[in-house]
>>> print(open('my_file-v6.txt').read())   # compact mmCIF, C-alpha atoms
# COMPACT_ATOMS: atom_id res chain seq x y z
CA SER A 1 -71.53 -29.89 38.39
CA ASN A 2 -73.22 -32.24 40.87
CA ILE A 3 -76.94 -31.64 41.28
CA SER A 4 -79.53 -33.58 43.28
CA VAL A 5 -83.29 -32.99 43.09
CA SER A 6 -85.76 -34.88 45.26
CA ALA A 7 -89.43 -34.68 46.11
CA ALA A 8 -91.55 -36.87 48.39
CA SER A 9 -94.88 -37.26 50.16
CA GLY A 10 -97.16 -35.65 47.62
CA SER A 11 -94.85 -32.81 46.65
CA SER A 12 -94.97 -31.17 43.22
CA ILE A 13 -92.33 -29.57 41.04
CA SER A 14 -93.50 -27.57 38.04
CA SER A 15 -91.90 -25.48 35.33
CA THR A 16 -93.88 -23.31 32.91
CA GLY A 17 -90.82 -23.16 30.63
CA ASP A 18 -87.76 -25.38 30.23
CA PHE A 19 -86.30 -27.60 32.97
CA THR A 20 -82.51 -28.02 33.02
CA VAL A 21 -80.44 -30.01 35.53
CA ALA A 22 -76.65 -30.57 35.59
CA THR A 23 -75.49 -29.90 32.07
CA GLY A 24 -71.82 -29.81 31.18
CA ASN A 25 -69.01 -32.30 30.76
CA ASN A 26 -68.55 -34.77 33.63
CA SER A 27 -71.68 -33.51 35.38
CA ASN A 28 -73.72 -35.64 37.78
CA ALA A 29 -77.50 -35.46 37.99
CA LYS A 30 -79.61 -37.33 40.52
CA LEU A 31 -83.38 -37.00 40.61
CA GLU A 32 -85.70 -38.90 42.91
CA LEU A 33 -89.47 -38.65 43.03
CA ASP A 34 -91.34 -40.57 45.73
CA ALA A 35 -95.14 -40.23 45.57
CA SER A 36 -94.60 -36.86 43.91
CA ASN A 37 -95.10 -35.07 40.59
CA LEU A 38 -92.85 -33.26 38.11
CA SER A 39 -94.49 -31.21 35.36
CA VAL A 40 -92.63 -29.35 32.61
CA ASN A 41 -94.29 -27.35 29.84
CA GLY A 42 -91.09 -26.82 27.87
CA VAL A 43 -88.00 -28.89 27.11
CA SER A 44 -86.38 -31.01 29.82
CA THR A 45 -82.60 -31.47 29.72
CA ILE A 46 -81.01 -33.59 32.43
CA GLY A 47 -77.36 -34.61 32.82
CA SER A 48 -76.09 -33.72 29.39
CA GLY A 49 -72.41 -33.39 28.51
CA ASP A 50 -69.55 -35.74 27.74
CA GLY A 51 -68.90 -38.16 30.58
CA SER A 52 -72.04 -37.14 32.48
CA ILE A 53 -73.80 -39.53 34.87
CA THR A 54 -77.57 -39.41 35.31
CA LYS A 55 -79.76 -41.30 37.76
CA PHE A 56 -83.54 -40.88 37.77
CA ASP A 57 -85.77 -42.78 40.24
CA ILE A 58 -89.55 -42.46 39.89
CA LYS A 59 -91.55 -44.48 42.40
CA ASN A 60 -94.67 -44.97 44.51
CA GLY A 61 -97.27 -43.40 42.26
CA SER A 62 -95.17 -40.51 41.03
CA VAL A 63 -95.96 -38.84 37.70
CA VAL A 64 -93.43 -37.12 35.45
CA THR A 65 -94.80 -35.12 32.54
CA SER A 66 -92.72 -33.23 29.98
CA ILE A 67 -95.00 -31.77 27.32
CA SER A 68 -92.13 -31.26 24.87
CA ASP A 69 -88.85 -33.17 24.53
CA MET A 70 -87.00 -34.80 27.43
CA THR A 71 -83.28 -35.46 26.95
CA LEU A 72 -81.14 -37.33 29.46
CA ALA A 73 -77.40 -38.10 29.33
CA LYS A 74 -76.60 -36.67 25.92
CA GLY A 75 -72.90 -36.77 25.07
CA LYS A 76 -69.97 -39.08 24.58
CA GLY A 77 -69.38 -41.70 27.27
CA THR A 78 -72.48 -40.79 29.26
CA GLN A 79 -74.22 -43.09 31.74
CA ALA A 80 -77.93 -43.12 32.49
CA ASN A 81 -79.97 -45.21 34.90
CA ILE A 82 -83.75 -44.71 34.91
CA ASN A 83 -85.91 -46.77 37.24
CA ILE A 84 -89.69 -46.50 37.34
CA SER A 85 -91.71 -48.32 39.99
CA SER A 86 -95.51 -48.07 40.05
CA SER A 87 -95.24 -44.66 38.40
CA GLN A 88 -95.55 -42.78 35.10
CA LEU A 89 -93.19 -41.05 32.69
CA ASN A 90 -94.94 -39.08 29.93
CA THR A 91 -93.09 -37.09 27.27
CA GLY A 92 -93.52 -35.61 23.82
CA SER A 93 -90.22 -37.21 22.76
CA LEU A 94 -87.76 -39.07 24.97
CA SER A 95 -84.03 -39.39 24.33
CA VAL A 96 -81.71 -41.23 26.70
CA GLY A 97 -77.99 -41.69 26.03
CA GLU A 98 -77.28 -40.13 22.65
CA GLY A 99 -73.56 -40.25 21.92
CA ASP A 100 -70.70 -42.64 21.28
CA ASN A 101 -70.07 -45.13 24.13
CA ALA A 102 -73.24 -44.11 25.95
CA ASP A 103 -74.44 -46.67 28.52
CA VAL A 104 -78.16 -46.76 29.33
CA THR A 105 -80.12 -48.90 31.79
CA MET A 106 -83.90 -48.53 31.98
CA THR A 107 -85.94 -50.69 34.36
CA GLY A 108 -89.54 -50.69 35.40
CA SER A 109 -92.09 -52.54 37.51
CA GLY A 110 -95.68 -51.43 37.26
CA ALA A 111 -94.39 -48.62 35.06
CA SER A 112 -96.17 -46.57 32.42
CA VAL A 113 -93.91 -44.96 29.83
CA SER A 114 -95.28 -42.75 27.07
CA SER A 115 -93.39 -40.93 24.33
CA LYS A 116 -95.83 -39.66 21.71
CA ASN A 117 -93.31 -38.80 19.01
CA THR A 118 -89.90 -40.49 19.21
CA PHE A 119 -88.30 -42.81 21.76
CA THR A 120 -84.50 -42.87 21.37
CA VAL A 121 -82.17 -44.92 23.58
CA ALA A 122 -78.39 -45.45 23.28
CA LYS A 123 -77.81 -43.90 19.89
CA GLY A 124 -74.12 -43.82 18.98
CA ASN A 125 -71.17 -46.01 18.09
CA ASN A 126 -70.38 -48.57 20.82
CA ALA A 127 -73.44 -47.48 22.77
CA SER A 128 -75.26 -49.98 24.95
CA ALA A 129 -78.88 -50.20 26.07
CA THR A 130 -80.49 -52.47 28.66
CA LEU A 131 -84.27 -52.23 29.04
CA ASN A 132 -86.08 -54.53 31.45
CA TYR A 133 -89.77 -54.10 32.27
CA THR A 134 -92.21 -56.14 34.34
CA ASP A 135 -95.98 -55.56 34.58
CA SER A 136 -95.49 -52.39 32.57
CA THR A 137 -96.75 -50.56 29.47
CA ILE A 138 -94.67 -48.60 26.97
CA ASN A 139 -96.45 -46.51 24.34
CA ILE A 140 -94.38 -44.67 21.73
CA GLY A 141 -94.55 -43.12 18.30
CA SER A 142 -91.37 -44.32 16.59
CA GLY A 143 -88.48 -46.02 18.40
CA TYR A 144 -84.71 -46.02 17.86
CA ILE A 145 -82.73 -48.25 20.24
CA GLY A 146 -79.05 -49.22 20.06
CA GLU A 147 -78.20 -47.46 16.81
CA GLY A 148 -74.54 -47.18 15.84
CA GLU A 149 -71.53 -49.29 14.96
CA ALA A 150 -71.01 -52.11 17.49
CA ALA A 151 -73.99 -50.99 19.59
CA LYS A 152 -75.45 -53.51 22.04
CA THR A 153 -79.10 -53.83 23.04
CA GLN A 154 -80.93 -56.03 25.53
CA LEU A 155 -84.69 -55.63 25.72
CA GLU A 156 -86.69 -57.87 28.04
CA LEU A 157 -90.41 -57.67 28.73
CA ASN A 158 -92.21 -59.70 31.38
CA ASN A 159 -96.01 -59.45 31.36
CA SER A 160 -95.50 -56.09 29.66
CA ALA A 161 -96.52 -54.39 26.44
CA LEU A 162 -94.63 -52.18 24.01
CA THR A 163 -96.84 -50.49 21.43
CA ALA A 164 -95.57 -48.24 18.64
CA SER A 165 -97.82 -46.24 16.33
CA GLY A 166 -94.91 -45.75 13.89
CA LYS A 167 -91.75 -47.73 13.17
CA VAL A 168 -89.16 -49.29 15.46
CA PHE A 169 -85.46 -49.68 14.63
CA ILE A 170 -83.22 -51.67 17.00
CA GLY A 171 -79.53 -52.50 16.53
CA GLN A 172 -78.84 -50.56 13.35
CA GLY A 173 -75.15 -50.63 12.42
CA ASN A 174 -72.31 -52.97 11.58
CA THR A 175 -71.47 -55.62 14.24
CA THR A 176 -74.40 -54.66 16.46
CA GLN A 177 -75.63 -57.22 18.99
CA THR A 178 -79.30 -57.39 19.94
CA ASN A 179 -81.22 -59.60 22.36
CA LEU A 180 -85.01 -59.39 22.46
CA THR A 181 -86.83 -61.48 25.08
CA LEU A 182 -90.60 -61.55 25.48
CA ASN A 183 -92.01 -63.57 28.37
CA ASP A 184 -95.21 -64.24 30.24
CA LYS A 185 -98.01 -62.69 28.14
CA SER A 186 -95.85 -59.81 26.93
CA SER A 187 -96.37 -58.18 23.55
CA VAL A 188 -94.62 -55.96 21.04
CA ASN A 189 -97.02 -54.40 18.54
CA VAL A 190 -95.59 -52.11 15.86
CA SER A 191 -98.00 -50.47 13.42
CA GLY A 192 -95.21 -49.75 10.92
CA GLU A 193 -91.92 -51.42 10.08
CA MET A 194 -89.87 -53.18 12.74
CA SER A 195 -86.22 -53.51 11.72
CA VAL A 196 -83.64 -55.22 13.93
CA ALA A 197 -79.91 -55.88 13.43
CA GLN A 198 -79.28 -54.26 10.08
CA GLY A 199 -75.60 -54.12 9.15
CA SER A 200 -72.61 -56.29 8.29
CA SER A 201 -72.04 -59.02 10.92
CA ALA A 202 -75.00 -57.77 12.94
CA SER A 203 -76.58 -60.39 15.20
CA VAL A 204 -79.96 -60.75 16.88
CA ASP A 205 -81.45 -63.32 19.24
CA VAL A 206 -85.24 -63.23 19.63
CA THR A 207 -86.90 -65.42 22.27
CA VAL A 208 -90.70 -65.37 22.58
CA THR A 209 -92.36 -67.44 25.31
CA ASN A 210 -96.14 -67.24 25.74
CA ALA A 211 -95.99 -63.81 24.14
CA VAL A 212 -96.69 -61.85 20.93
CA LEU A 213 -94.40 -60.14 18.42
CA SER A 214 -96.30 -58.24 15.73
CA ALA A 215 -95.41 -55.66 13.08
CA ASP A 216 -96.65 -54.53 9.69
CA SER A 217 -93.26 -55.55 8.28
CA LEU A 218 -90.63 -57.42 10.26
CA SER A 219 -86.97 -57.48 9.21
CA LEU A 220 -84.33 -59.26 11.30
CA GLY A 221 -80.66 -59.47 10.34
CA GLY A 222 -79.90 -57.68 7.11
CA GLY A 223 -76.34 -57.46 5.89
CA GLU A 224 -73.22 -59.44 5.04
CA ALA A 225 -72.72 -62.29 7.57
CA ALA A 226 -75.74 -61.27 9.64
CA LYS A 227 -76.80 -63.87 12.21
CA VAL A 228 -80.36 -64.44 13.41
CA THR A 229 -81.67 -66.84 16.05
CA MET A 230 -85.41 -66.97 16.68
CA THR A 231 -86.95 -69.37 19.20
CA GLY A 232 -90.46 -69.58 20.53
CA ASN A 233 -92.77 -71.63 22.67
CA ARG A 234 -96.47 -70.70 22.68
CA ALA A 235 -95.39 -67.71 20.64
CA THR A 236 -97.42 -65.65 18.18
CA ILE A 237 -95.42 -63.98 15.41
CA SER A 238 -97.24 -61.73 12.97
CA SER A 239 -95.97 -59.70 10.03
CA GLY A 240 -98.83 -58.76 7.76
CA ASN A 241 -96.66 -57.37 4.97
CA THR A 242 -93.13 -58.81 4.65
CA PHE A 243 -91.17 -61.13 6.93
CA THR A 244 -87.44 -60.93 6.20
CA VAL A 245 -84.83 -62.90 8.17
CA ALA A 246 -81.05 -63.09 7.53
CA ARG A 247 -80.88 -61.37 4.17
CA GLY A 248 -77.30 -61.00 2.94
CA ASN A 249 -74.37 -63.01 1.68
CA ASN A 250 -73.04 -65.48 4.29
CA ALA A 251 -75.99 -64.71 6.54
CA SER A 252 -77.42 -67.39 8.83
CA ALA A 253 -80.89 -67.95 10.25
CA THR A 254 -82.15 -70.41 12.86
CA LEU A 255 -85.88 -70.46 13.57
CA ASP A 256 -87.16 -73.00 16.09
CA TYR A 257 -90.82 -72.89 17.19
CA SER A 258 -93.01 -75.20 19.22
CA ASP A 259 -96.72 -74.82 20.05
CA SER A 260 -96.59 -71.51 18.20
CA LYS A 261 -98.33 -69.50 15.46
CA ILE A 262 -96.56 -67.60 12.68
CA ASN A 263 -98.62 -65.48 10.27
CA ILE A 264 -96.93 -63.47 7.52
CA GLY A 265 -97.51 -61.89 4.12
CA ASN A 266 -94.47 -62.65 1.96
CA GLY A 267 -91.41 -64.32 3.49
CA TYR A 268 -87.70 -64.12 2.73
CA VAL A 269 -85.52 -66.27 4.97
CA GLY A 270 -81.80 -66.86 4.36
CA VAL A 271 -81.59 -64.96 1.09
CA GLY A 272 -78.04 -64.38 -0.17
CA GLU A 273 -75.03 -66.27 -1.43
CA LYS A 274 -73.73 -68.95 0.97
CA SER A 275 -76.52 -68.28 3.45
CA HIS A 276 -77.46 -70.98 5.97
CA THR A 277 -81.05 -71.55 7.12
CA LEU A 278 -82.66 -73.91 9.61
CA LEU A 279 -86.43 -73.72 10.11
CA LYS A 280 -88.00 -76.12 12.58
CA LEU A 281 -91.67 -76.34 13.53
CA ASP A 282 -93.20 -78.61 16.17
CA ASN A 283 -96.95 -78.59 16.77
CA SER A 284 -97.02 -75.14 15.21
CA THR A 285 -98.72 -73.27 12.38
CA PHE A 286 -96.93 -71.28 9.70
CA HIS A 287 -99.25 -69.37 7.37
CA ALA A 288 -98.17 -67.07 4.52
CA ALA A 289 -100.68 -65.02 2.54
CA GLY A 290 -98.19 -64.67 -0.31
CA ASN A 291 -94.93 -66.35 -1.37
CA ILE A 292 -91.98 -67.56 0.67
CA ASP A 293 -88.31 -68.06 -0.26
CA ILE A 294 -86.10 -70.06 2.11
CA GLY A 295 -82.41 -70.34 1.25
CA LYS A 296 -82.16 -68.44 -2.00
CA GLY A 297 -78.74 -67.78 -3.55
CA SER A 298 -75.78 -69.70 -4.88
CA SER A 299 -74.22 -72.22 -2.46
CA THR A 300 -76.98 -71.74 0.10
CA ILE A 301 -77.91 -74.46 2.57
CA ALA A 302 -81.54 -74.73 3.69
CA ASN A 303 -83.04 -77.26 6.08
CA VAL A 304 -86.77 -77.16 6.80
CA SER A 305 -88.40 -79.55 9.27
CA VAL A 306 -92.16 -79.59 9.80
CA GLY A 307 -92.79 -81.75 12.86
CA ALA A 308 -95.71 -83.53 14.48
CA GLY A 309 -98.98 -81.63 14.70
CA SER A 310 -97.81 -78.74 12.52
CA ASN A 311 -99.66 -77.02 9.72
CA MET A 312 -97.86 -75.09 6.98
CA LEU A 313 -100.08 -73.10 4.62
CA ILE A 314 -98.53 -71.04 1.81
CA LYS A 315 -101.11 -69.42 -0.47
CA GLY A 316 -98.54 -68.51 -3.13
CA ASN A 317 -95.31 -70.24 -4.17
CA ALA A 318 -92.72 -71.76 -1.85
CA SER A 319 -89.04 -72.27 -2.69
CA ILE A 320 -86.35 -73.98 -0.64
CA GLY A 321 -82.69 -74.03 -1.69
CA VAL A 322 -82.74 -72.17 -4.99
CA GLY A 323 -79.43 -71.24 -6.60
CA ASP A 324 -76.45 -72.92 -8.21
CA GLN A 325 -74.83 -75.48 -5.86
CA ALA A 326 -77.58 -74.95 -3.30
CA LYS A 327 -78.45 -77.72 -0.85
CA ALA A 328 -82.03 -78.23 0.30
CA LYS A 329 -83.50 -80.65 2.81
CA PHE A 330 -87.23 -80.73 3.50
CA SER A 331 -88.91 -83.14 5.90
CA VAL A 332 -92.57 -83.34 6.88
CA LYS A 333 -93.79 -85.69 9.60
CA ASP A 334 -97.30 -86.14 11.01
CA SER A 335 -98.27 -82.75 9.62
CA VAL A 336 -100.24 -80.94 6.92
CA LEU A 337 -98.56 -78.96 4.14
CA ASN A 338 -100.71 -76.96 1.75
CA ILE A 339 -99.14 -74.80 -0.98
CA GLY A 340 -101.47 -72.96 -3.31
CA GLY A 341 -98.79 -72.37 -5.95
CA SER A 342 -95.68 -74.41 -6.67
CA LEU A 343 -93.20 -75.99 -4.29
CA VAL A 344 -89.65 -75.65 -5.65
CA LEU A 345 -86.91 -77.63 -3.95
CA GLY A 346 -83.27 -77.48 -5.02
CA GLN A 347 -83.42 -75.49 -8.23
CA GLY A 348 -80.14 -74.57 -9.90
CA ASN A 349 -77.05 -76.15 -11.43
CA SER A 350 -75.39 -78.82 -9.27
CA THR A 351 -78.00 -78.53 -6.53
CA GLU A 352 -78.78 -81.22 -3.99
CA ALA A 353 -82.37 -81.76 -2.88
CA GLU A 354 -83.70 -84.19 -0.29
CA MET A 355 -87.36 -84.53 0.61
CA SER A 356 -89.17 -86.87 2.99
CA VAL A 357 -92.88 -87.04 3.84
CA GLU A 358 -94.07 -89.33 6.63
CA HIS A 359 -97.66 -89.81 7.82
CA SER A 360 -98.52 -86.39 6.43
CA GLN A 361 -100.76 -84.66 3.91
CA LEU A 362 -99.09 -82.68 1.13
CA TYR A 363 -101.03 -80.47 -1.27
CA SER A 364 -99.36 -78.35 -3.92
CA GLY A 365 -100.24 -76.69 -7.22
CA GLY A 366 -96.95 -77.98 -8.60
CA LEU A 367 -93.79 -79.75 -7.43
CA LEU A 368 -90.33 -79.06 -8.86
CA LEU A 369 -87.34 -80.99 -7.50
CA GLY A 370 -83.76 -80.46 -8.67
CA THR A 371 -84.60 -78.82 -11.97
CA ALA A 372 -81.23 -77.93 -13.57
CA ASN A 373 -77.97 -79.46 -14.78
CA ASN A 374 -76.23 -81.98 -12.51
CA ALA A 375 -78.93 -81.76 -9.85
CA VAL A 376 -79.15 -84.60 -7.31
CA VAL A 377 -82.53 -85.54 -5.82
CA SER A 378 -83.26 -88.04 -3.06
>>> encode(input="my_file-v6.txt", output="structure tokens")
Amino acid sequence: SNISVSAASGSSISSTGDFTVATGNNSNAKLELDASNLSVNGVSTIGSGDGSITKFDIKNGSVVTSISDMTLAKGKGTQANINISSSQLNTGSLSVGEGDNADVTMTGSGASVSSKNTFTVAKGNNASATLNYTDSTINIGSGYIGEGEAAKTQLELNNSALTASGKVFIGQGNTTQTNLTLNDKSSVNVSGEMSVAQGSSASVDVTVTNAVLSADSLSLGGGEAAKVTMTGNRATISSGNTFTVARGNNASATLDYSDSKINIGNGYVGVGEKSHTLLKLDNSTFHAAGNIDIGKGSSTIANVSVGAGSNMLIKGNASIGVGDQAKAKFSVKDSVLNIGGSLVLGQGNSTEAEMSVEHSQLYSGGLLLGTANNAVVS
């Protein structure tokens, strides 16, 4: 079926029950609201069926309200394009592109998106999701984006805010690829757990520029050979409970921050056999209320650089390069390092530990370097 629905110039469409448009395999649904309203008291189902194509344009002060669930483009190989310009989309739960090989694009400028319960986008093997919002607000309960084997997700916020009262899962599945970009006073605030790129060979790239990324617990890259890249300039990263990055054998983590603030509870970065970790701070603060492990596991490689103007405060213990045949390199320059517990560097049989401190202040409850058989310390 091919169905088009349009409303303009202050028009209103309302349904006291369910609202269904173009369901069935290979259906096409096109909805356009221009300075108009759509109100549904029941369930909204738009463009569902294998191979369906759905386009939804909401613009010029339009308001779409679905009291219950709204489902768009549900089925294998579906396509969905939702654009919101200076308008609102309010739902009980929103699902866009559930099914293998689903392809979803969601864009907004001056948009307000609300999904009180769940917000699900591109859920299925080989599904892809692109979300790009400017000057917008997104308020959800719990979020599930790009879930499935080999799913791909790109989420970009520009002067926009995404707030979740529950948990947010992005890029869950083996070989998933996730890109998260926060620019220009944007923020992501998750009251519960935020988990990104969980699965074997999953990868995630997080770029935060003059923006905020905050969650109760933040987990990025969990699984065999997971790859995590985190960069930030004037960034604020907060994870009040646990901060877990690249946890799994052969996992890799690169964290590079300048003029930024990182506040966590307990930290686990590059934990697993043969993991590789690079942590670089320039004119930045890194504060942990608990303990932190960086590069923990046999044959791990960990390189931590605390650059000019930085402040690293760990209230508990800190370990870098712990495990048989681990390699650890720790350099501190023109900075302050304060560790309430012990600093452990290169602990394990046949480890290699290198430490340099230049024009800096180092405080620690204890210092352990290369404490096992055949350890090499420089």
>>> residues_near_point(input="my_file-v6.txt", point="(-93.7, -70.2, 11.6)", cutoff="7 Å", atoms="all atoms listed in the file", output="ChimeraX atom specification")
/A:257,261-263,281,284-286
>>> residues_near_point(input="my_file-v6.txt", point="(-92.8, -88.2, 4.1)", cutoff="10 Å", atoms="all atoms listed in the file", output="PyMOL selection string")
chain A and resi 330-335+355-362
>>> closest_residue(input="my_file-v6.txt", among="A:Ala35, A:Phe243, A:Thr229, A:Asn266", to="Leu278 of chain A", atoms="only C-alpha atoms")
A:Thr229
>>> residues_around(input="my_file-v6.txt", residues="segment 55-69 of chain A", least_positions_apart="4", cutoff="8 Å", atoms="only C-alpha atoms", output="NGL selection string")
:A and (29-44 or 80-95)
>>> atom_distance(input="my_file-v6.txt", atom1="atom CA of Leu162 of chain A", atom2="atom CA of Asn283 of chain A")
27.5 Å
>>> atom_distance(input="my_file-v6.txt", atom1="atom CA of Gly141 of chain A", atom2="atom CA of Met70 of chain A")
14.5 Å
>>> closest_residue(input="my_file-v6.txt", among="A:Ser364, A:Asn183, A:Ser195, A:Ser128", to="Ala211 of chain A", atoms="all atoms listed in the file")
A:Asn183
>>> atom_distance(input="my_file-v6.txt", atom1="atom CA of Gly341 of chain A", atom2="atom CA of Leu367 of chain A")
9.0 Å
>>> closest_residue(input="my_file-v6.txt", among="A:Val271, A:Val188, A:Val204, A:Val21", to="Asn159 of chain A", atoms="all atoms listed in the file")
A:Val188
>>> residues_around(input="my_file-v6.txt", residues="Thr130 of chain A", least_positions_apart="6", cutoff="6 Å", atoms="all atoms listed in the file", output="list in words")
Thr105, Thr153 and Gln154 of chain A
>>> write_last_selection(input="my_file-v6.txt", atoms="C-alpha atoms", output="tab-separated table (two decimals), in the coordinates of the input")
chain	number	residue	atom	x	y	z
A	105	THR	CA	-80.12	-48.90	31.79
A	153	THR	CA	-79.10	-53.83	23.04
A	154	GLN	CA	-80.93	-56.03	25.53
>>> decode(input="my_file-v6.txt", residues="segment 293-350 of chain A", atoms="C-alpha atoms", output="CSV table (one decimal), in the first residue's frame")
chain,number,residue,atom,x,y,z
A,293,ASP,CA,42.7,0.0,37.6
A,294,ILE,CA,44.3,0.9,34.3
A,295,GLY,CA,45.7,-1.9,32.2
A,296,LYS,CA,45.0,-5.0,34.3
A,297,GLY,CA,45.7,-8.4,33.0
A,298,SER,CA,48.6,-10.5,31.7
A,299,SER,CA,50.6,-9.0,28.8
A,300,THR,CA,48.7,-5.7,29.0
A,301,ILE,CA,50.2,-2.4,27.9
A,302,ALA,CA,49.3,0.8,29.7
A,303,ASN,CA,50.6,4.3,29.1
A,304,VAL,CA,49.4,7.1,31.3
A,305,SER,CA,50.4,10.7,30.6
A,306,VAL,CA,49.4,13.5,33.0
A,307,GLY,CA,50.3,16.8,31.2
A,308,ALA,CA,50.8,20.4,32.2
A,309,GLY,CA,48.2,22.0,34.4
A,310,SER,CA,46.5,18.7,35.2
A,311,ASN,CA,45.2,17.4,38.5
A,312,MET,CA,44.7,13.7,39.2
A,313,LEU,CA,43.0,12.8,42.5
A,314,ILE,CA,42.3,9.2,43.4
A,315,LYS,CA,40.9,8.8,46.9
A,316,GLY,CA,41.4,5.0,46.9
A,317,ASN,CA,44.1,2.9,45.3
A,318,ALA,CA,45.5,3.3,41.7
A,319,SER,CA,47.1,0.5,39.6
A,320,ILE,CA,48.7,0.8,36.2
A,321,GLY,CA,50.0,-2.3,34.3
A,322,VAL,CA,49.2,-5.1,36.7
A,323,GLY,CA,49.6,-8.7,35.5
A,324,ASP,CA,52.4,-11.1,34.4
A,325,GLN,CA,54.4,-9.6,31.5
A,326,ALA,CA,52.5,-6.3,31.7
A,327,LYS,CA,54.1,-3.1,30.6
A,328,ALA,CA,53.4,0.2,32.3
A,329,LYS,CA,54.5,3.7,31.6
A,330,PHE,CA,53.5,6.6,33.8
A,331,SER,CA,54.6,10.2,33.2
A,332,VAL,CA,53.6,13.3,35.2
A,333,LYS,CA,54.7,16.8,34.1
A,334,ASP,CA,53.9,20.2,35.6
A,335,SER,CA,50.9,18.6,37.4
A,336,VAL,CA,49.6,17.4,40.8
A,337,LEU,CA,48.9,13.8,41.5
A,338,ASN,CA,47.3,12.8,44.8
A,339,ILE,CA,46.5,9.2,45.6
A,340,GLY,CA,44.9,8.5,49.0
A,341,GLY,CA,45.8,4.8,48.9
A,342,SER,CA,48.6,3.0,47.1
A,343,LEU,CA,50.0,3.6,43.6
A,344,VAL,CA,50.9,0.3,42.0
A,345,LEU,CA,52.9,0.4,38.8
A,346,GLY,CA,54.0,-2.8,36.9
A,347,GLN,CA,53.1,-5.6,39.3
A,348,GLY,CA,53.5,-9.1,38.2
A,349,ASN,CA,56.2,-11.5,36.9
A,350,SER,CA,58.4,-10.2,34.2
